[in-house]
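Peer 1: Quick one: the structure is below, and I'll ask about it shortly.
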Amino acid sequence: MAEEYVDCCETECRMQELEPSIDYIATEQKCNYVVKPSTDDADSKLRDSDRDCDTPNQPELGRDLCRVRREEGKYGGYKKDILTENLTERDKAVLVCYSCEGIMREPCVSSDGEQYCLCCGDLSSHKQTQNIPVKKIIDSLKCSCPLIERGCKWLGSLEDCENHLDTCGYVYETCELECGVVLRRDELRIHEKEKCLNRKVKCEHCVKDFKSCELDGHFEKCPKMKVSCDLECGAAMCREDMEQHLKRDCGMVRSQCNLGCRVRLTRNDLKIHEKVSCVRRIVQCDHCFADVRYWDIPKHLKECPKVRVACELCSVEIYREYMTEHIEKYCPEEMVECPFVKYKCMTRIKREDMDKHLEEKETKHLGLKLTTMEDLITKQSEKID
């Protein structure tokens, strides 16, 4: 007796897992396959009715759940050994599928009076009608989880069993993050959140998402990660700021004096050099407090107006800015004219001797003044005449 296999999609179910002794058909939203004895090509084709089966859509649960649901009758009837109550022969006559011999799932009655699961009934050439009263009885039957041998303690009705299997933690699944690990569903959730190498984790520095297995490699080039200076200056900064740090701030980078003296030192030593020892540094004059380059200080002191210098005539020290005024008005050694020069006293003597001269020549000065006035009167008289 030959068996024909129709590949199922995405759930990776294999027909060889099914019992070859049972005429069997299963249809799921994402899983369509048929295994049944066949003698000709026509019987081996998957009918359109198989693909359009009214079986409730179930989420894709993976290979293990497909096997579990086969074992407990998902793609036929429910397995009788999951019931927590014993069935009488009368109950079996009403509740058991004629085809798969399990408790009917979506019970139907064929036109010839036989009762099947909805999917099992599709194998029959007779028309089926849904059996609502029997369905209510079956839904109310108490059962345990099909995975009770793995340790699941769930108890409930057959109606709730479908929903329970969608969340049962004892079903084996392959990691959704494609790391290849197969674990129980309850362990898999922890694995996917905390251990899977393909899980998404945030870089604590740049706050971007990466696979866990890529994080170490990312740390080697993360632009936001704090790193120490390549030249061991002791500074720490984001990796993306390293280039600017080396260009502007790193104290261990050697560079030329900014003041133009052509000395090359590390930045740390250069700062001291530019403040203390560079001949082109700016210093303040001790006298006038003006800013002057260090090597221009000697020249500046020769011109600084606040430097005290000795008068060339009297040797008195005075600020350079007042020297001209001192000589012109106050220096006792300066040669000056007699105040009576306008009366024709042509005497030039030192300023310190001027008082003595005026005292001694007082009579002469009066005479010169009188003579000058008489000459002026005479000239005026001549003009009048």
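In the structure tokens, each chain is lettered A, B, ... as it comes, each chain's residues begin at 1, and ligands are numbered from 1 in order of appearance.
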Which residues are near A:Glu159? Cut-off 7 Å, only C-alpha atoms, ignore same chain within fewer than 2 positions. Put them as an mmCIF file with N, CA, C and O atoms, in the first residue's frame.
Peer 2:
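Writing the result to around08.cif gives the following:
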```cif
data_model
loop_
_atom_site.group_PDB
_atom_site.id
_atom_site.type_symbol
_atom_site.label_atom_id
_atom_site.label_comp_id
_atom_site.auth_asym_id
_atom_site.auth_seq_id
_atom_site.Cartn_x
_atom_site.Cartn_y
_atom_site.Cartn_z
ATOM 1 N N ASP A 139 -17.648 19.420 24.224
ATOM 2 C CA ASP A 139 -16.944 20.603 24.734
ATOM 3 C C ASP A 139 -16.952 20.654 26.252
ATOM 4 O O ASP A 139 -16.023 21.195 26.873
ATOM 5 N N SER A 140 -17.964 20.083 26.870
ATOM 6 C CA SER A 140 -18.062 20.150 28.336
ATOM 7 C C SER A 140 -17.300 19.041 29.053
ATOM 8 O O SER A 140 -17.183 19.063 30.284
ATOM 9 N N SER A 157 -11.868 21.871 30.329
ATOM 10 C CA SER A 157 -12.786 21.231 29.398
ATOM 11 C C SER A 157 -12.108 21.053 28.051
ATOM 12 O O SER A 157 -11.118 21.723 27.745
ATOM 13 N N CYS A 161 -9.265 23.205 25.868
ATOM 14 C CA CYS A 161 -7.982 22.530 25.633
ATOM 15 C C CYS A 161 -7.244 23.136 24.446
ATOM 16 O O CYS A 161 -6.013 23.259 24.461
ATOM 17 N N GLU A 162 -8.010 23.533 23.406
ATOM 18 C CA GLU A 162 -7.371 24.129 22.231
ATOM 19 C C GLU A 162 -6.615 25.413 22.612
ATOM 20 O O GLU A 162 -5.455 25.603 22.253
#
```
Peer 1: For A:Lys226, find every residue with an atom within 10 Å (counting only C-alpha atoms), except residues of its own chain fewer than 3 positions away, and show them as a list of chain:residue names.
Peer 2: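 Using only C-alpha atoms, the neighbours found are A:His205, A:Phe219, A:Cys222, A:Pro223, A:Cys229, A:Ala236, A:Met237, A:Cys238, A:Arg239, A:Glu240, A:Asp241, A:Met242.
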Peer 1: Skipping near chain neighbours, those fewer than 5 positions away, what residues fall within 9 Å of stretch 314-325 of chain A using only C-alpha atoms, listed as a PyMOL selection string?
Peer 2: chain A and resi 303-309+330-334
Peer 1: List the neighbours of A:Leu155 out to 12 Å using only C-alpha atoms; skip same-chain residues closer than 3 positions along the sequence, and give me the result as a PDB file with C-alpha atoms, in the first residue's frame.
Peer 2:
```pdb
ATOM      1  CA  ILE A  82      -6.754  12.699  28.177  1.00  0.00           C
ATOM      2  CA  LEU A  83     -10.275  12.586  29.605  1.00  0.00           C
ATOM      3  CA  THR A  84     -10.502  12.671  33.373  1.00  0.00           C
ATOM      4  CA  GLU A  85     -13.809  10.753  33.410  1.00  0.00           C
ATOM      5  CA  LEU A 141     -16.054  16.955  28.946  1.00  0.00           C
ATOM      6  CA  LYS A 142     -13.303  17.379  31.531  1.00  0.00           C
ATOM      7  CA  CYS A 143      -9.765  16.592  30.441  1.00  0.00           C
ATOM      8  CA  SER A 144      -6.114  17.045  31.333  1.00  0.00           C
ATOM      9  CA  CYS A 145      -3.408  18.581  29.189  1.00  0.00           C
ATOM     10  CA  PRO A 146      -2.132  16.177  26.502  1.00  0.00           C
ATOM     11  CA  LEU A 147       1.334  16.947  27.857  1.00  0.00           C
ATOM     12  CA  ILE A 148       0.605  15.755  31.389  1.00  0.00           C
ATOM     13  CA  CYS A 152       1.708  20.064  32.820  1.00  0.00           C
ATOM     14  CA  LEU A 158     -12.135  19.957  25.891  1.00  0.00           C
ATOM     15  CA  GLU A 159     -13.447  23.281  24.614  1.00  0.00           C
ATOM     16  CA  ASP A 160     -10.662  25.093  26.507  1.00  0.00           C
ATOM     17  CA  CYS A 161      -7.982  22.530  25.633  1.00  0.00           C
ATOM     18  CA  HIS A 164      -4.529  25.944  26.471  1.00  0.00           C
ATOM     19  CA  LEU A 165      -2.247  24.260  23.919  1.00  0.00           C
ATOM     20  CA  CYS A 168       1.075  25.555  27.264  1.00  0.00           C
TER      21      CYS A 168
END
```
Peer 1: Select from stretch 76-283 of chain A everything DSSP, run on the backbone, classes as strand (DSSP E), then give the selection as JSON, numbers by chain.
Peer 2: {"A": [108, 109, 110, 115, 116, 128, 129, 130, 142, 143, 144, 155, 156, 157, 172, 173, 174, 182, 183, 184, 200, 201, 202, 209, 210, 211, 226, 227, 228, 236, 237, 238, 254, 255, 256, 264, 265, 266, 282, 283]}
Peer 1: Write out as a ChimeraX atom specification the residues lying within 12 Å of A:Glu149, counting only C-alpha atoms and excluding same-chain residues fewer than 6 positions away.
Peer 2: /A:68,81-82,170-171
Peer 1: Save the residues we just selected, N, CA and C atoms, as a PDB file, in the first residue's frame?
Peer 2:
```
ATOM      1  N   VAL A  68       2.230  16.869  18.940  1.00  0.00           N
ATOM      2  CA  VAL A  68       1.396  16.746  20.143  1.00  0.00           C
ATOM      3  C   VAL A  68      -0.066  16.749  19.779  1.00  0.00           C
ATOM      4  N   ASP A  81      -7.571   9.051  26.180  1.00  0.00           N
ATOM      5  CA  ASP A  81      -6.861   8.916  27.459  1.00  0.00           C
ATOM      6  C   ASP A  81      -6.591  10.258  28.135  1.00  0.00           C
ATOM      7  N   ILE A  82      -6.939  11.408  27.486  1.00  0.00           N
ATOM      8  CA  ILE A  82      -6.754  12.699  28.177  1.00  0.00           C
ATOM      9  C   ILE A  82      -7.985  13.076  28.995  1.00  0.00           C
ATOM     10  N   TYR A 170       4.754  23.514  28.128  1.00  0.00           N
ATOM     11  CA  TYR A 170       5.470  22.243  27.969  1.00  0.00           C
ATOM     12  C   TYR A 170       5.592  21.818  26.506  1.00  0.00           C
ATOM     13  N   VAL A 171       5.137  22.630  25.602  1.00  0.00           N
ATOM     14  CA  VAL A 171       5.313  22.362  24.173  1.00  0.00           C
ATOM     15  C   VAL A 171       6.719  22.783  23.764  1.00  0.00           C
TER      16      VAL A 171
END
```
